[in-house]
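The structure appears below as structure tokens.
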Amino acid sequence: MVSDHKTFDTLIIGAGPVGLVAAIGFARAGHQVALVAPPSTPNGFGRTVALMKSSIDYLAELGLWDAIQPNTAPLARMTLIDDTGSLFRPPPAMFNASEINLPAFGYNIEVEHLVRILESAVTAQSGIIRLTDTVEAISVDSRSATVTLSDRSSLNGLLVVGADGRKSKVRSAVGITAKEWNYAQSALTTVLDHTRDHHDTSTEFHTREGPFTLVPLPGKRSSLVWLASPARAQMLHALDERSLSTRIEAQSQSLLGKVRISGQRGLVPMAGLSVSVITRHRAALVGEAAHAFPPIGAQGLNLGMRDVRDLVRSTANASDHGSADVLANYQRKRSRDIATRTRAVDTLNRSLLSPLLPVDFARGFGLLAISTVKPLRKFVMRQGLGA
């Protein structure tokens, strides 16, 4: 049951990494916050996330980065390798963070560790009430938003934030329609031990079924995200550890030497989601409630972190945090970034799946240009960081 204080400035629905950071961000900005979601059960199934500069800067601003960084590995270099078998195969494209005067593009962390750290920060942060009830209903009017919980109690707030993922109840409640699509891919995820050093380098092999990506973790460990056809991904997921390790070594061209599966395995169907607007009637969407796409270039969670940052900043100095002016400001700040990232990831992923020679040529020429034209390479690197 909710405490006697049932009226809040901001109601946040969803407690994944984006929802947890949103709660802390709004509380640090002086809001009284209710964070509503079932208890977190951190189990990443081999999932990691690369936090890029825009996210790190915001986490540092909130005083969270010092607790997160010791659990991460830096991504000082990135390598893209065309392994499609195309007639036009460019040489590997290599990117060094030092070229843009950074020690690292970002830092990779297991999702399980990140959620645990953020949950602890929520518990320690004043101004947040954490509720583990499920949401039964959401309604909005010109003055406030109301969230009804499974225990029949209700919460009122000026702003309701949908951080509740692809099946967002907030999005549905305010009538924002999502466009969804599927890819003929599933992602196999796990964590690996290996005998060779990764040298803080993330390596992405572009194959005909999607990217095969190795991302550094602390020590001689890396995370794997292997996009393949649903049937092949299911077959790989079902293999015993020795057989799967052999397949991974072959696909990675023994880049990391002998590998051993050291984490749980995940298997995730690949899909995309977009919306025409991210605000309506005292509601704002963040993270995968507003956009979703395959895990290419570490764009997804970092995009969600920028959503939170810009939404919190849009409410600054506003007497009514859910007013039409606040929501319009947030919509204006985020529209271009979201549309650009969604289109770029979708285009690259579809280009890998296409058998058409002109598409191969365009993709290969693009990678070659990025590799050889220094100003273009620096621009692409900065864009990848959320600049």
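Chain labels run A, B, ... following the order of the structure tokens; each chain numbers its residues from 1, and ligands are numbered from 1 in the order shown.
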Check your understanding: Looking only at the backbone, which of the residues in segment 207-263 of chain A does DSSP tag as alpha helix (DSSP H), as an MDAnalysis selection string?
Key -> chainID A and resid 230:238 241:251
Review point. Quick one: residues within 7 Å of Ala37 of chain A, only C-alpha atoms counted, chain neighbours fewer than 4 positions away excluded, as a ChimeraX atom specification?
Key: /A:13-15,131-134
**Study point:** Polymer residues at most 12 Å from segment 209-212 of chain A, only C-alpha atoms, same-chain spacing of 5 or more positions, as a PyMOL selection string
**Key:** chain A and resi 79-85+183-190+202-204+223-233+247-253+270+294-297+345-355
Dump as a compact mmCIF listing (two decimals), in the first residue's frame, selection limited to N, CA and C atoms:
# COMPACT_ATOMS: atom_id res chain seq x y z
N THR A 79 36.79 -2.11 -34.23
CA THR A 79 37.13 -2.63 -35.55
C THR A 79 35.89 -3.23 -36.19
N LEU A 80 35.62 -2.84 -37.44
CA LEU A 80 34.52 -3.41 -38.23
C LEU A 80 35.12 -4.24 -39.36
N ILE A 81 34.72 -5.50 -39.43
CA ILE A 81 35.27 -6.41 -40.43
C ILE A 81 34.15 -6.94 -41.32
N ASP A 82 34.27 -6.74 -42.62
CA ASP A 82 33.29 -7.27 -43.56
C ASP A 82 33.54 -8.76 -43.77
N ASP A 83 32.63 -9.57 -43.28
CA ASP A 83 32.75 -11.03 -43.40
C ASP A 83 31.53 -11.59 -44.14
N THR A 84 31.02 -10.79 -45.09
CA THR A 84 29.80 -11.18 -45.81
C THR A 84 30.09 -12.06 -47.03
N GLY A 85 31.35 -12.10 -47.46
CA GLY A 85 31.65 -12.83 -48.68
C GLY A 85 31.28 -12.04 -49.93
N TYR A 183 12.76 -8.55 -37.82
CA TYR A 183 13.86 -8.93 -38.69
C TYR A 183 13.98 -10.45 -38.68
N ALA A 184 14.50 -11.00 -39.74
CA ALA A 184 14.70 -12.45 -39.81
C ALA A 184 15.99 -12.81 -39.07
N GLN A 185 16.03 -12.41 -37.81
CA GLN A 185 17.24 -12.60 -36.98
C GLN A 185 16.84 -12.81 -35.52
N SER A 186 17.71 -13.52 -34.81
CA SER A 186 17.68 -13.55 -33.36
C SER A 186 19.10 -13.32 -32.87
N ALA A 187 19.21 -12.78 -31.65
CA ALA A 187 20.53 -12.50 -31.08
C ALA A 187 20.85 -13.52 -30.01
N LEU A 188 21.97 -14.20 -30.17
CA LEU A 188 22.52 -15.06 -29.13
C LEU A 188 23.48 -14.21 -28.31
N THR A 189 23.29 -14.17 -26.99
CA THR A 189 24.15 -13.37 -26.12
C THR A 189 24.76 -14.26 -25.04
N THR A 190 25.99 -14.00 -24.70
CA THR A 190 26.63 -14.69 -23.58
C THR A 190 27.92 -13.95 -23.22
N SER A 202 36.78 -3.49 -29.25
CA SER A 202 35.52 -4.12 -29.64
C SER A 202 35.59 -4.45 -31.12
N THR A 203 35.25 -5.69 -31.46
CA THR A 203 35.34 -6.14 -32.85
C THR A 203 33.98 -6.61 -33.33
N GLU A 204 33.57 -6.08 -34.48
CA GLU A 204 32.26 -6.41 -35.05
C GLU A 204 32.47 -6.99 -36.44
N SER A 223 31.98 -9.90 -23.93
CA SER A 223 30.60 -10.27 -24.18
C SER A 223 30.43 -10.54 -25.67
N LEU A 224 29.49 -11.43 -25.97
CA LEU A 224 29.20 -11.80 -27.35
C LEU A 224 27.76 -11.45 -27.67
N VAL A 225 27.55 -10.79 -28.80
CA VAL A 225 26.22 -10.61 -29.38
C VAL A 225 26.32 -11.13 -30.81
N TRP A 226 25.64 -12.25 -31.07
CA TRP A 226 25.73 -12.92 -32.37
C TRP A 226 24.35 -12.93 -33.01
N LEU A 227 24.17 -12.08 -34.03
CA LEU A 227 22.90 -12.06 -34.76
C LEU A 227 22.95 -13.07 -35.89
N ALA A 228 21.94 -13.92 -35.93
CA ALA A 228 21.87 -14.97 -36.95
C ALA A 228 20.40 -15.21 -37.28
N SER A 229 20.16 -16.03 -38.30
CA SER A 229 18.79 -16.38 -38.62
C SER A 229 18.16 -17.06 -37.41
N PRO A 230 16.85 -16.94 -37.22
CA PRO A 230 16.22 -17.55 -36.05
C PRO A 230 16.55 -19.03 -35.89
N ALA A 231 16.54 -19.78 -37.00
CA ALA A 231 16.81 -21.21 -36.91
C ALA A 231 18.25 -21.48 -36.48
N ARG A 232 19.18 -20.72 -37.05
CA ARG A 232 20.59 -20.94 -36.70
C ARG A 232 20.86 -20.48 -35.27
N ALA A 233 20.28 -19.36 -34.88
CA ALA A 233 20.48 -18.88 -33.51
C ALA A 233 19.94 -19.88 -32.50
N ARG A 247 32.38 -23.11 -32.27
CA ARG A 247 31.74 -22.29 -33.29
C ARG A 247 32.14 -20.82 -33.15
N ILE A 248 32.19 -20.37 -31.92
CA ILE A 248 32.55 -18.96 -31.67
C ILE A 248 33.99 -18.69 -32.09
N GLU A 249 34.90 -19.61 -31.75
CA GLU A 249 36.30 -19.45 -32.16
C GLU A 249 36.41 -19.36 -33.68
N ALA A 250 35.68 -20.22 -34.38
CA ALA A 250 35.75 -20.21 -35.84
C ALA A 250 35.19 -18.92 -36.42
N GLN A 251 34.04 -18.48 -35.89
CA GLN A 251 33.39 -17.27 -36.42
C GLN A 251 34.24 -16.03 -36.13
N SER A 252 34.97 -16.03 -35.01
CA SER A 252 35.81 -14.89 -34.63
C SER A 252 37.21 -14.98 -35.21
N GLN A 253 37.46 -15.99 -36.04
CA GLN A 253 38.77 -16.20 -36.66
C GLN A 253 39.87 -16.31 -35.61
N MET A 270 14.94 -10.39 -32.98
CA MET A 270 15.22 -9.01 -33.32
C MET A 270 13.98 -8.33 -33.92
N PRO A 294 17.87 -3.30 -33.40
CA PRO A 294 18.90 -4.30 -33.08
C PRO A 294 20.11 -3.68 -32.40
N PRO A 295 20.86 -4.49 -31.64
CA PRO A 295 22.01 -3.99 -30.87
C PRO A 295 23.24 -3.80 -31.76
N ILE A 296 23.21 -2.75 -32.56
CA ILE A 296 24.32 -2.44 -33.46
C ILE A 296 24.88 -1.08 -33.06
N GLY A 297 26.18 -1.02 -32.84
CA GLY A 297 26.82 0.25 -32.54
C GLY A 297 26.51 0.80 -31.16
N VAL A 345 20.60 2.50 -37.90
CA VAL A 345 20.75 1.09 -37.49
C VAL A 345 19.93 0.19 -38.39
N ASP A 346 18.70 0.60 -38.70
CA ASP A 346 17.84 -0.21 -39.57
C ASP A 346 18.46 -0.37 -40.95
N THR A 347 19.00 0.71 -41.50
CA THR A 347 19.59 0.66 -42.84
C THR A 347 20.80 -0.26 -42.87
N LEU A 348 21.70 -0.13 -41.87
CA LEU A 348 22.88 -0.98 -41.85
C LEU A 348 22.50 -2.44 -41.69
N ASN A 349 21.57 -2.72 -40.79
CA ASN A 349 21.19 -4.11 -40.56
C ASN A 349 20.56 -4.72 -41.82
N ARG A 350 19.67 -3.98 -42.47
CA ARG A 350 19.04 -4.50 -43.70
C ARG A 350 20.05 -4.65 -44.83
N SER A 351 21.06 -3.79 -44.86
CA SER A 351 22.06 -3.91 -45.92
C SER A 351 22.85 -5.20 -45.79
N LEU A 352 23.07 -5.66 -44.56
CA LEU A 352 23.77 -6.93 -44.36
C LEU A 352 22.94 -8.11 -44.84
N LEU A 353 21.63 -7.99 -44.69
CA LEU A 353 20.74 -9.09 -45.04
C LEU A 353 20.41 -9.12 -46.53
N SER A 354 20.69 -8.02 -47.24
CA SER A 354 20.32 -7.93 -48.65
C SER A 354 21.31 -8.68 -49.54
N PRO A 355 20.80 -9.46 -50.51
CA PRO A 355 21.69 -10.15 -51.46
C PRO A 355 22.04 -9.30 -52.67
Review point. For Trp181 of chain A, which of A:Ala163, A:Leu273, A:Leu11, A:Leu303 is the closest residue, counting only C-alpha atoms?
Key: A:Leu273
Practice item. Quick one: pull the distance between atom CA of Arg152 of chain A and atom CA of Ala283 of chain A, Å, one decimal. Key: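 We find that atom CA of Arg152 of chain A and atom CA of Ala283 of chain A lie 21.2 Å from each other.
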**Study point:** Near-segment 325-335 of chain A list (12 Å; only C-alpha atoms; drop same-chain fewer than 5 positions) as a PyMOL selection string
**Key:** chain A and resi 158-161+274-287+290-291+303-320+340-342+386
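Those residues of segment 271-355 of chain A that DSSP, working from the backbone, places in strand (DSSP E or B) are Ala271, Gly272, Leu273, Ser274, Val275, Thr279, Arg280, Ala283, Ala284, Leu285, His291 and Ala292 of chain A.
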Keeping C-alpha atoms, export the residues of the selection given above as a PDB file, in the first residue's frame.
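Generated output (again_10.pdb):
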ATOM      1  CA  ALA A 271      12.541  -6.387 -33.883  1.00  0.00           C
ATOM      2  CA  GLY A 272      12.173  -2.645 -34.279  1.00  0.00           C
ATOM      3  CA  LEU A 273       9.759  -0.062 -32.941  1.00  0.00           C
ATOM      4  CA  SER A 274       9.150   3.608 -33.588  1.00  0.00           C
ATOM      5  CA  VAL A 275       6.505   6.178 -32.740  1.00  0.00           C
ATOM      6  CA  THR A 279       4.663  12.876 -25.726  1.00  0.00           C
ATOM      7  CA  ARG A 280       0.937  13.265 -25.249  1.00  0.00           C
ATOM      8  CA  ALA A 283       2.952  11.595 -20.644  1.00  0.00           C
ATOM      9  CA  ALA A 284       6.486  11.289 -22.025  1.00  0.00           C
ATOM     10  CA  LEU A 285       8.155   8.149 -23.366  1.00  0.00           C
ATOM     11  CA  HIS A 291      12.301   3.396 -29.914  1.00  0.00           C
ATOM     12  CA  ALA A 292      13.809  -0.065 -30.314  1.00  0.00           C
TER      13      ALA A 292
END
Study note, to complete from the structure: atom CA of Thr7 of chain A to atom CA of Leu155 of chain A measures 6.0 Å
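Among the candidate residues A:Leu267, A:Leu64, A:Leu244, A:Ala29, the one lying nearest to Ala124 of chain A is A:Leu64, with distances computed using only C-alpha atoms.
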**Study point:** Between atom CA of Pro218 of chain A and atom CA of Leu256 of chain A - distance in Å to one decimal
**Key:**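 Distance between the two atoms: 14.1 Å.
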Review point. Which of these, A:Arg166, A:Ser144, A:Gly219, A:His321, has the shortest distance to Pro70 of chain A once you count only C-alpha atoms?
Key: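 Smallest distance to Pro70 of chain A is found for A:Gly219.
Nearest residue to Pro17 of chain A among A:Val147, A:Val191, A:Leu301, A:Val36 is A:Leu301, counting only C-alpha atoms.
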Review point. Looking at only C-alpha atoms, which of A:Arg265, A:Arg171, A:Lys53, A:Arg47 is the one that sits closest to Leu217 of chain A?
Key: A:Arg47
Review point. In terms of the shortest atom-to-atom distance over only C-alpha atoms, which of A:Thr48, A:Thr195, A:Thr10, A:Asn96 is closest to Lys220 of chain A?
Key: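 The answer is A:Thr195, which sits nearest to Lys220 of chain A.
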